[in-house]
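Note: the block below is model_6.tsv and it holds TSV, C-alpha atoms.
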chain	number	residue	atom	x	y	z
A	692	MET	CA	119.68	61.73	155.72
A	693	PRO	CA	123.47	62.27	156.04
A	694	THR	CA	125.16	64.77	153.77
A	695	PRO	CA	126.26	62.91	150.63
A	696	GLN	CA	129.95	62.80	149.81
A	697	LEU	CA	130.77	65.21	147.01
A	698	VAL	CA	132.47	63.67	143.98
A	699	GLU	CA	133.71	66.23	141.47
A	700	VAL	CA	134.19	65.09	137.87
A	701	PRO	CA	136.82	67.16	136.01
A	702	ALA	CA	135.83	68.97	132.83
A	703	PHE	CA	137.84	66.70	130.51
A	704	ILE	CA	136.25	63.53	131.88
A	705	ALA	CA	132.78	65.10	131.86
A	706	PHE	CA	133.26	66.12	128.22
A	707	THR	CA	134.41	62.61	127.28
A	708	LEU	CA	131.46	61.07	129.10
A	709	ALA	CA	129.10	63.39	127.20
A	710	ILE	CA	130.51	62.07	123.91
A	711	LEU	CA	129.84	58.49	125.05
A	712	LEU	CA	126.30	59.39	126.14
A	713	LEU	CA	125.60	61.05	122.79
A	714	PHE	CA	126.81	57.90	121.03
A	715	ILE	CA	124.39	55.88	123.18
A	716	GLY	CA	121.51	58.21	122.28
A	717	LYS	CA	122.29	58.08	118.55
A	718	ASP	CA	122.66	54.30	118.59
A	719	LEU	CA	119.36	53.74	120.42
A	720	THR	CA	117.59	56.14	118.06
A	721	THR	CA	118.98	54.26	115.05
A	722	ARG	CA	117.76	50.95	116.48
A	723	SER	CA	114.35	52.14	117.71
A	724	ALA	CA	111.64	52.99	115.20
A	725	LEU	CA	109.50	54.22	118.12
A	726	LEU	CA	112.05	56.89	119.12
A	727	ARG	CA	112.32	58.05	115.50
A	728	ARG	CA	108.56	58.01	115.00
A	729	TYR	CA	108.02	60.45	117.87
A	730	SER	CA	111.19	62.44	117.06
A	731	ILE	CA	112.72	62.04	120.53
A	732	PRO	CA	116.00	64.01	120.43
A	733	GLU	CA	119.10	61.83	120.56
A	734	PRO	CA	120.89	63.84	123.31
A	735	VAL	CA	117.88	63.43	125.63
A	736	ILE	CA	118.31	59.67	125.85
A	737	GLY	CA	121.94	59.55	126.96
A	738	GLY	CA	121.79	62.75	129.03
A	739	PHE	CA	118.71	61.77	131.01
A	740	LEU	CA	120.08	58.26	131.52
A	741	CYS	CA	123.13	59.87	133.14
A	742	ALA	CA	120.89	62.08	135.33
A	743	LEU	CA	119.03	58.97	136.54
A	744	VAL	CA	122.29	57.18	137.40
A	745	VAL	CA	123.50	60.26	139.28
A	746	GLY	CA	120.19	60.31	141.17
A	747	VAL	CA	120.60	56.63	142.14
A	748	LEU	CA	124.13	57.31	143.41
A	749	TYR	CA	122.80	60.23	145.47
A	750	TYR	CA	119.97	58.34	147.15
A	751	GLY	CA	121.40	54.83	147.23
A	752	PHE	CA	125.10	55.38	147.85
A	753	ASP	CA	125.32	58.87	149.43
A	754	ARG	CA	127.43	60.24	146.58
A	755	GLN	CA	126.71	63.61	145.00
A	756	ILE	CA	128.23	63.77	141.52
A	757	GLU	CA	129.19	67.25	140.32
A	758	PHE	CA	130.29	67.62	136.69
A	759	GLU	CA	132.47	70.53	135.61
A	760	LEU	CA	130.51	71.72	132.56
A	761	GLU	CA	132.05	75.08	131.67
A	762	VAL	CA	132.63	73.98	128.07
A	763	ARG	CA	128.86	73.51	127.67
A	764	ASP	CA	128.28	77.25	127.26
A	765	LEU	CA	130.99	77.52	124.58
A	766	LEU	CA	129.31	74.73	122.61
A	767	LEU	CA	126.07	76.73	122.60
A	768	LEU	CA	127.89	79.78	121.22
A	769	TYR	CA	129.41	77.71	118.40
A	770	PHE	CA	126.00	76.31	117.54
A	771	PHE	CA	124.25	79.69	117.27
A	772	ALA	CA	127.19	81.16	115.37
A	773	GLY	CA	126.69	78.34	112.84
A	774	ILE	CA	122.95	79.04	112.58
A	775	GLY	CA	123.71	82.70	111.88
A	776	LEU	CA	126.35	81.94	109.23
A	777	LYS	CA	123.88	79.78	107.29
A	778	ALA	CA	120.98	82.25	107.56
A	779	ASP	CA	120.12	83.95	104.29
A	780	ILE	CA	118.85	87.53	104.60
A	781	GLN	CA	116.08	86.82	102.08
A	782	THR	CA	114.74	84.08	104.35
A	783	LEU	CA	114.91	86.52	107.26
A	784	LEU	CA	112.86	89.08	105.35
A	785	LYS	CA	110.27	86.46	104.42
A	786	GLY	CA	110.10	85.49	108.10
A	787	GLY	CA	109.08	88.96	109.22
A	788	ARG	CA	105.37	88.29	109.63
A	789	PRO	CA	105.76	84.79	111.19
A	790	LEU	CA	108.36	86.23	113.56
A	791	LEU	CA	105.97	88.95	114.73
A	792	THR	CA	103.10	86.46	115.07
A	793	LEU	CA	105.20	84.04	117.13
A	794	LEU	CA	106.43	86.90	119.31
A	795	VAL	CA	102.86	87.97	120.10
A	796	LEU	CA	101.89	84.36	120.87
A	797	ALA	CA	104.89	83.89	123.16
A	798	SER	CA	104.09	87.16	124.94
A	799	VAL	CA	100.48	86.10	125.56
A	800	PHE	CA	101.71	82.77	126.85
A	801	ILE	CA	104.07	84.45	129.33
A	802	VAL	CA	101.09	86.18	130.94
A	803	LEU	CA	99.01	82.97	130.98
A	804	GLN	CA	101.90	80.99	132.43
A	805	ASN	CA	102.35	83.43	135.32
A	806	LEU	CA	98.62	83.66	136.06
A	807	LEU	CA	98.46	79.85	136.25
A	808	GLY	CA	101.51	79.66	138.51
A	809	MET	CA	100.18	82.31	140.87
A	810	GLY	CA	96.76	80.65	141.01
A	811	ILE	CA	98.20	77.24	141.93
A	812	ALA	CA	100.55	78.74	144.52
A	813	GLY	CA	97.61	80.51	146.14
A	814	SER	CA	95.57	77.30	146.22
A	815	PHE	CA	98.43	75.61	148.13
A	816	GLY	CA	98.33	78.36	150.77
A	817	MET	CA	101.52	79.96	149.49
A	818	ASP	CA	102.15	83.58	148.58
A	819	PRO	CA	100.71	83.84	145.04
A	820	LYS	CA	103.90	85.59	143.92
A	821	ALA	CA	105.76	82.33	144.61
A	822	GLY	CA	103.92	81.00	141.57
A	823	LEU	CA	106.00	83.29	139.38
A	824	LEU	CA	108.95	81.04	140.23
A	825	SER	CA	107.02	78.17	138.63
A	826	GLY	CA	106.02	80.45	135.78
A	827	SER	CA	108.01	82.48	133.30
A	828	ILE	CA	110.90	83.14	135.70
A	829	SER	CA	112.12	79.53	135.65
A	830	LEU	CA	110.40	78.11	132.56
A	831	ILE	CA	110.85	80.80	129.92
A	832	GLY	CA	113.65	82.62	131.75
A	833	GLY	CA	115.62	79.52	132.76
A	834	VAL	CA	118.15	79.07	135.54
A	835	GLY	CA	119.82	82.43	134.85
A	836	THR	CA	116.60	84.37	135.39
A	837	THR	CA	115.85	82.26	138.48
A	838	LEU	CA	119.24	83.10	139.98
A	839	ALA	CA	118.66	86.79	139.27
A	840	TRP	CA	115.16	87.01	140.81
A	841	ALA	CA	115.37	84.55	143.74
A	842	PRO	CA	117.10	87.00	146.15
A	843	THR	CA	114.31	89.54	145.54
A	844	PHE	CA	111.64	87.01	146.51
A	845	VAL	CA	113.58	86.08	149.65
A	846	SER	CA	114.23	89.64	150.84
A	847	GLU	CA	111.01	91.39	149.77
A	848	PHE	CA	108.36	88.65	150.03
A	849	ASP	CA	109.95	86.31	152.62
A	850	ILE	CA	109.71	83.33	150.24
A	851	LEU	CA	112.74	81.56	151.73
A	852	ASN	CA	112.71	78.59	149.34
A	853	ALA	CA	112.53	80.77	146.22
A	854	MET	CA	115.69	79.30	144.71
A	855	GLU	CA	114.53	75.71	145.28
A	856	LEU	CA	111.11	76.44	143.74
A	857	GLY	CA	112.66	77.97	140.66
A	858	VAL	CA	115.31	75.31	140.11
A	859	ALA	CA	112.87	72.43	140.68
A	860	SER	CA	110.36	73.92	138.21
A	861	ASN	CA	113.10	74.48	135.65
A	862	THR	CA	114.28	70.87	136.01
A	863	VAL	CA	110.84	69.40	135.35
A	864	GLY	CA	110.18	71.89	132.56
A	865	LEU	CA	113.43	71.08	130.79
A	866	ILE	CA	112.71	67.35	130.82
A	867	ALA	CA	109.14	67.88	129.59
A	868	ALA	CA	110.25	70.28	126.84
A	869	CYS	CA	112.60	67.62	125.47
A	870	LEU	CA	109.82	65.04	125.26
A	871	ILE	CA	106.74	66.86	123.95
A	872	GLY	CA	108.08	68.44	120.76
A	873	GLY	CA	108.25	65.28	118.65
A	874	PRO	CA	104.83	63.89	119.64
A	875	ILE	CA	103.22	67.30	119.02
A	876	ALA	CA	104.69	67.39	115.52
A	877	ARG	CA	103.59	63.84	114.75
A	878	TYR	CA	100.05	64.53	115.99
A	879	LEU	CA	99.73	67.66	113.84
A	880	MET	CA	101.19	65.96	110.76
A	881	HIS	CA	98.66	63.11	110.95
A	882	LYS	CA	95.69	65.10	112.25
A	883	HIS	CA	95.85	67.75	109.54
A	884	GLN	CA	97.47	65.64	106.80
A	885	VAL	CA	100.39	68.05	106.54
A	886	GLN	CA	102.81	67.22	103.74
A	887	PRO	CA	106.51	67.01	104.70
A	888	SER	CA	108.82	69.43	102.94
A	889	GLY	CA	110.85	66.65	101.34
A	890	ASP	CA	113.89	68.92	101.53
A	891	ASP	CA	116.98	66.99	102.66
A	892	ASP	CA	119.08	70.16	102.91
A	893	LEU	CA	118.68	70.44	106.68
A	894	ASP	CA	119.91	73.36	108.72
A	895	ILE	CA	121.42	70.82	111.14
A	896	GLY	CA	122.41	67.21	110.38
A	897	VAL	CA	120.82	64.94	107.76
A	898	THR	CA	117.46	63.18	107.54
A	899	HIS	CA	117.08	59.67	109.01
A	900	ASP	CA	116.36	58.16	105.60
A	901	SER	CA	118.90	60.16	103.66
A	902	GLU	CA	121.42	58.20	101.63
A	903	GLN	CA	123.48	61.34	101.26
A	904	THR	CA	127.05	61.08	102.50
A	905	PRO	CA	128.34	64.42	103.77
A	906	ARG	CA	131.17	65.67	101.55
A	907	LEU	CA	133.66	66.64	104.23
A	908	THR	CA	137.09	67.87	103.24
A	909	TYR	CA	140.08	69.01	105.26
A	910	TYR	CA	139.83	72.60	104.00
A	911	GLY	CA	136.04	72.61	104.25
A	912	VAL	CA	136.08	71.78	107.96
A	913	LEU	CA	138.97	74.18	108.55
A	914	TRP	CA	137.06	76.92	106.68
A	915	ALA	CA	134.00	76.38	108.89
A	916	TRP	CA	136.05	76.30	112.09
A	917	PHE	CA	137.86	79.53	111.20
A	918	TRP	CA	134.68	81.47	110.42
A	919	LEU	CA	132.96	80.13	113.53
A	920	ASN	CA	135.81	81.49	115.63
A	921	VAL	CA	135.67	84.85	113.80
A	922	THR	CA	131.92	84.94	114.45
A	923	LEU	CA	132.42	84.23	118.16
A	924	MET	CA	134.93	87.08	118.41
A	925	LEU	CA	132.53	89.50	116.71
A	926	GLY	CA	129.68	88.14	118.84
A	927	HIS	CA	131.56	88.91	122.05
A	928	GLY	CA	132.28	92.41	120.71
A	929	ILE	CA	128.58	92.95	119.99
A	930	ALA	CA	127.70	91.65	123.47
A	931	GLU	CA	130.07	94.15	125.11
A	932	LEU	CA	128.65	96.96	122.96
A	933	LEU	CA	125.08	96.06	123.94
A	934	THR	CA	126.05	95.81	127.60
A	935	GLY	CA	127.60	99.26	127.38
A	936	ILE	CA	124.28	100.77	126.30
A	937	GLY	CA	122.34	98.86	128.96
A	938	ALA	CA	120.96	96.04	126.78
A	939	ASN	CA	121.91	92.83	128.59
A	940	LEU	CA	121.10	89.94	126.27
A	941	PRO	CA	122.43	86.38	126.23
A	942	THR	CA	125.79	86.07	124.47
A	943	PHE	CA	124.45	83.42	122.11
A	944	VAL	CA	122.08	86.05	120.67
A	945	SER	CA	125.06	88.28	119.88
A	946	CYS	CA	126.80	85.34	118.20
A	947	LEU	CA	123.66	84.64	116.16
A	948	ILE	CA	123.57	88.29	115.01
A	949	ALA	CA	127.31	88.19	114.22
A	950	GLY	CA	126.83	85.05	112.15
A	951	ILE	CA	123.99	86.62	110.15
A	952	LEU	CA	126.15	89.70	109.42
A	953	ILE	CA	129.27	87.75	108.42
A	954	GLY	CA	127.46	85.06	106.44
A	955	ASN	CA	125.39	87.45	104.34
A	956	LEU	CA	128.29	89.84	103.77
A	957	GLY	CA	130.42	86.94	102.58
A	958	ARG	CA	127.72	85.70	100.20
A	959	TRP	CA	127.28	89.22	98.81
A	960	LEU	CA	131.02	89.71	98.23
A	961	THR	CA	131.38	86.34	96.45
A	962	ARG	CA	128.06	86.34	94.59
A	963	ASN	CA	129.74	86.27	91.14
A	964	ARG	CA	132.69	84.05	92.02
A	965	GLU	CA	133.44	80.37	92.37
A	966	ARG	CA	132.50	79.52	95.97
A	967	ARG	CA	134.31	76.25	96.43
A	968	TRP	CA	135.33	76.88	100.01
A	969	GLU	CA	131.82	78.01	100.97
A	970	GLN	CA	130.27	74.90	99.42
A	971	GLU	CA	132.74	72.53	101.06
A	972	GLY	CA	132.69	74.54	104.28
A	973	GLY	CA	128.90	74.30	104.43
A	974	GLU	CA	129.20	70.58	105.11
A	975	GLY	CA	131.80	71.22	107.80
A	976	LEU	CA	129.59	73.92	109.32
A	977	ALA	CA	126.60	71.57	109.46
A	978	MET	CA	128.69	68.85	111.09
A	979	ILE	CA	130.21	71.13	113.74
A	980	SER	CA	126.81	72.69	114.53
A	981	ASP	CA	125.20	69.25	114.87
A	982	ILE	CA	127.91	68.03	117.25
A	983	CYS	CA	127.85	71.19	119.37
A	984	LEU	CA	124.07	71.16	119.81
A	985	GLY	CA	123.98	67.47	120.68
A	986	MET	CA	126.83	67.82	123.16
A	987	PHE	CA	125.29	70.93	124.75
A	988	LEU	CA	121.94	69.31	125.52
A	989	THR	CA	123.58	66.06	126.65
A	990	MET	CA	125.71	67.99	129.13
A	991	ALA	CA	122.73	70.10	130.23
A	992	LEU	CA	120.79	66.95	131.14
A	993	MET	CA	123.86	65.40	132.77
A	994	GLY	CA	123.89	68.37	135.14
A	995	LEU	CA	120.31	67.89	136.36
A	996	LYS	CA	120.01	67.38	140.12
A	997	LEU	CA	116.84	65.40	140.56
A	998	TRP	CA	117.09	65.52	144.37
A	999	GLU	CA	116.36	69.25	144.27
A	1000	LEU	CA	112.71	68.25	143.71
A	1001	GLU	CA	112.66	66.74	147.20
A	1002	GLY	CA	110.31	68.47	149.65
A	1003	LEU	CA	108.43	70.25	146.87
A	1004	LEU	CA	107.02	67.18	145.18
A	1005	GLY	CA	103.31	67.87	145.81
A	1006	TYR	CA	103.25	71.48	144.63
A	1007	ILE	CA	105.73	70.94	141.79
A	1008	SER	CA	103.80	67.90	140.51
A	1009	VAL	CA	100.53	69.83	140.31
A	1010	VAL	CA	101.81	73.14	138.97
A	1011	MET	CA	104.10	71.57	136.38
A	1012	ALA	CA	101.46	69.10	135.20
A	1013	LEU	CA	99.19	72.07	134.53
A	1014	GLN	CA	101.96	74.17	132.97
A	1015	ILE	CA	102.85	71.34	130.59
A	1016	THR	CA	99.18	70.82	129.72
A	1017	LEU	CA	98.76	74.54	129.08
A	1018	SER	CA	101.81	74.56	126.79
A	1019	VAL	CA	100.60	71.54	124.78
A	1020	LEU	CA	97.03	72.84	124.34
A	1021	PHE	CA	98.17	76.37	123.46
A	1022	THR	CA	100.57	74.93	120.88
A	1023	LEU	CA	98.04	72.60	119.27
A	1024	PHE	CA	95.04	74.92	119.15
A	1025	VAL	CA	96.55	78.41	118.92
A	1026	VAL	CA	100.15	78.37	117.69
A	1027	TYR	CA	99.58	75.91	114.83
A	1028	ARG	CA	96.52	77.76	113.55
A	1029	LEU	CA	98.01	81.25	113.69
A	1030	MET	CA	101.43	80.26	112.33
A	1031	GLY	CA	99.94	79.16	109.01
A	1032	ARG	CA	98.72	75.55	109.37
A	1033	ASN	CA	101.57	74.25	107.20
A	1034	TYR	CA	104.77	72.27	107.62
A	1035	ASP	CA	106.73	75.30	108.86
A	1036	ALA	CA	104.03	75.77	111.50
A	1037	VAL	CA	104.42	72.12	112.57
A	1038	VAL	CA	108.17	72.51	113.06
A	1039	ILE	CA	107.69	75.77	114.96
A	1040	CYS	CA	105.14	74.02	117.18
A	1041	SER	CA	107.66	71.28	117.95
A	1042	GLY	CA	109.99	73.99	119.24
A	1043	PHE	CA	107.37	76.01	121.11
A	1044	GLY	CA	107.67	73.76	124.16
A	1045	GLY	CA	111.33	74.70	124.27
A	1046	ILE	CA	110.35	78.36	124.35
A	1047	THR	CA	107.70	77.91	127.06
A	1048	LEU	CA	109.16	75.14	129.23
A	1049	GLY	CA	112.85	74.66	128.51
A	1050	SER	CA	115.35	76.76	126.63
A	1051	THR	CA	116.33	77.96	123.18
A	1052	ALA	CA	118.61	74.95	122.78
A	1053	THR	CA	115.74	72.60	123.68
A	1054	ALA	CA	113.54	74.21	121.06
A	1055	ILE	CA	116.23	73.79	118.40
A	1056	VAL	CA	116.93	70.17	119.38
A	1057	ASN	CA	113.23	69.34	119.09
A	1058	MET	CA	112.99	71.00	115.68
A	1059	THR	CA	116.16	69.21	114.55
A	1060	ALA	CA	114.67	65.83	115.47
A	1061	VAL	CA	111.45	66.63	113.59
A	1062	THR	CA	113.20	67.88	110.44
A	1063	ARG	CA	115.35	64.76	110.36
A	1064	GLN	CA	112.13	62.79	110.19
A	1065	TYR	CA	110.13	64.96	107.78
A	1066	GLY	CA	112.50	67.37	105.98
A	1067	ALA	CA	113.93	70.86	106.30
A	1068	SER	CA	112.15	74.00	107.52
A	1069	HIS	CA	114.55	76.91	107.04
A	1070	GLN	CA	112.06	79.54	108.20
A	1071	ALA	CA	111.54	77.82	111.56
A	1072	PHE	CA	115.28	77.78	112.27
A	1073	ILE	CA	115.41	81.56	111.88
A	1074	VAL	CA	112.15	82.60	113.51
A	1075	VAL	CA	112.32	80.46	116.67
A	1076	PRO	CA	115.91	81.34	117.77
A	1077	LEU	CA	115.28	85.06	117.26
A	1078	VAL	CA	112.01	85.01	119.20
A	1079	CYS	CA	113.16	82.57	121.87
A	1080	GLY	CA	116.61	83.99	122.51
A	1081	PHE	CA	116.21	87.66	121.70
A	1082	PHE	CA	112.77	89.26	121.96
A	1083	VAL	CA	111.16	86.99	124.57
A	1084	ASP	CA	113.87	87.75	127.16
A	1085	ILE	CA	113.02	91.43	126.97
A	1086	ILE	CA	109.25	90.92	127.18
A	1087	ASN	CA	109.63	88.34	129.96
A	1088	ALA	CA	111.62	90.81	132.07
A	1089	LEU	CA	108.90	93.45	131.64
A	1090	VAL	CA	106.07	91.02	132.49
A	1091	ILE	CA	107.88	89.66	135.56
A	1092	GLY	CA	108.50	93.20	136.77
A	1093	PHE	CA	104.80	94.01	136.37
A	1094	PHE	CA	103.64	90.97	138.37
A	1095	VAL	CA	106.25	91.46	141.08
A	1096	GLY	CA	105.13	95.06	141.46
A	1097	LEU	CA	101.45	94.20	141.94

Would you put the structure from the file into C-alpha cells?
Amino acid sequence: MPTPQLVEVPAFIAFTLAILLLFIGKDLTTRSALLRRYSIPEPVIGGFLCALVVGVLYYGFDRQIEFELEVRDLLLLYFFAGIGLKADIQTLLKGGRPLLTLLVLASVFIVLQNLLGMGIAGSFGMDPKAGLLSGSISLIGGVGTTLAWAPTFVSEFDILNAMELGVASNTVGLIAACLIGGPIARYLMHKHQVQPSGDDDLDIGVTHDSEQTPRLTYYGVLWAWFWLNVTLMLGHGIAELLTGIGANLPTFVSCLIAGILIGNLGRWLTRNRERRWEQEGGEGLAMISDICLGMFLTMALMGLKLWELEGLLGYISVVMALQITLSVLFTLFVVYRLMGRNYDAVVICSGFGGITLGSTATAIVNMTAVTRQYGASHQAFIVVPLVCGFFVDIINALVIGFFVGL
C-alpha cells in the first residue's frame, strides 16, 4: 500500500470541527431515546463518527488526516479546575472510606489486568512481557505511559513493535470505555432496583428531563472564567513544586487540587456574607466545565488512528475482548458490591471502565451521561477523579516496575 498523503488540519479548523461534531452528538442524543436510555456520552457520537470518516479517507483515498489538537489538553485542565472549585471539603471528608475502597479495587484490577495481558501474549507465542503493553501500561496508564515505557521494551526485551501494541490497545480500550459505562449503570439500576437520587443539581450540565433554565449572567460567567484561570495558574505552580520534589503527576491533578483549595477557602471567607457572585458564577462554572469536557473527548476521539490496529488485529481482538470482559465482570460483581450497593456505587461503576480501559476524562464523561439520566452523585465526582488521576498513577507505576523486573 502506498504511503498516504499527509493532510494537516490547523488547530483553529480542528477546534471548529470539534464544536460541529459535539452539536451533532447532542442533537442525535436529544432525538434518540435509545442513546439516552443507555447513557451513551454525547461527545462519543460525533468524535467517533469523525474517526470513521478519517479511517475511510486513509484506506479509500490514500489521505492521512492529522488534526492539530494542542488545545485539547488545555480544555482538560479547565474541566478539572472546575471540578475542584465546586468540591466541598465536607463531601471530601465523607468520601474518605469510599475513596480508599475504590483505590484498593483499582489496585487489584491493575494486577489482574497485567496477568491477563501476559497470559494472552504468551499463548500467541509472544514474550509474555509484551502483554503488559495490552495491560495497565496502555489501558490504565494511557498513551503517555505507553510512550514512556515503549523504548524500554524495545531495548531490553527486543519487542520491536512495543509502541504499536500499546497504541492499538489504548485505541480499542478508549472506544470500549466510552460505550460500556451507560449500559453498566442501566443494568445495575434495573437489576437491583436502585432508586435514582432525584437531585437535579448536577456537578456537570443538567438532567435530560430538567425544565430548569440555567441562570447565566454576564458577571457570573466572567466570575467563573476568572477563577478558573486563577486555579490553572496555581495548578501549574503546584505541578512545578511536585516535580521539584520528584513527584511527577499529571497537571490536571494539580489543577484539581488547586481548585479544591481555592473553592473551599473562598466559601470559608464568605460564609457569613451575601454570595451573589458565587451563586451566579456557579451556573457559569457548570456551563464552562460541561463545554470543556465535551470538547476534550470529542477531540480525543477525532485524533484516533484506526489504521494503527493493522497487522495486530488477531492478537488485539482477543486480548482486548478479554480485557473488556474482565472490566465489565469486575465492575458488576465486585465494584458495585463493595462500593455500597447504592446509587453512588452505580455512578462510580459507570466510570470504572474509564479508569480501567480509557482515561480519567472518559470516566467523568460516562458518569456525566448517567447523572443526566438519573440525577446527581456528588460523591462519585470527587472519589473517581482523585483515584483515577492521582493515586492510581502512582500504584500503576509501581506494579509495572514489578512485572518488568520479573

May I have the residues within 9 Å of Leu823 of chain A as a ChimeraX atom specification, using all atoms listed in the file and disregarding those fewer than 5 positions away in the same chain?
-> /A:804-809,812,828-829,857,1091,1094-1095

Can you spit out the residues from that selection as a PDB file, in the coordinates of the input, using C-alpha atoms?
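What follows is the written file selection-v3.pdb:
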ATOM      1  CA  GLN A 804     101.900  80.990 132.430  1.00  0.00           C
ATOM      2  CA  ASN A 805     102.350  83.430 135.320  1.00  0.00           C
ATOM      3  CA  LEU A 806      98.620  83.660 136.060  1.00  0.00           C
ATOM      4  CA  LEU A 807      98.460  79.850 136.250  1.00  0.00           C
ATOM      5  CA  GLY A 808     101.510  79.660 138.510  1.00  0.00           C
ATOM      6  CA  MET A 809     100.180  82.310 140.870  1.00  0.00           C
ATOM      7  CA  ALA A 812     100.550  78.740 144.520  1.00  0.00           C
ATOM      8  CA  ILE A 828     110.900  83.140 135.700  1.00  0.00           C
ATOM      9  CA  SER A 829     112.120  79.530 135.650  1.00  0.00           C
ATOM     10  CA  GLY A 857     112.660  77.970 140.660  1.00  0.00           C
ATOM     11  CA  ILE A1091     107.880  89.660 135.560  1.00  0.00           C
ATOM     12  CA  PHE A1094     103.640  90.970 138.370  1.00  0.00           C
ATOM     13  CA  VAL A1095     106.250  91.460 141.080  1.00  0.00           C
TER      14      VAL A1095
END

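Nearest residue to Asp753 of chain A, choosing from A:Gly972, A:Gly1042, A:Gly810, A:Pro695 and counting all atoms listed in the file: A:Pro695.
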
Between atom CA of Asp1084 of chain A and atom CA of Ile982 of chain A - distance in Å to one decimal = 26.2 Å

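When all atoms listed in the file are used to compute distances to Gln755 of chain A, the closest of the residues A:Ile1086, A:Leu1003, A:Cys1040, A:Val700 turns out to be A:Val700.
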
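Atom CA of Val747 of chain A sits 13.8 Å away from atom CA of Glu1001 of chain A.
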
Which residue gives the smallest distance to Asn1087 of chain A among A:Leu932, A:Leu919, A:Leu824, A:Ile801, with only C-alpha atoms counted?
-> A:Ile801

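Rounded to one decimal, atom CA of Leu1023 of chain A and atom CA of Ile736 of chain A lie 24.9 Å from each other.
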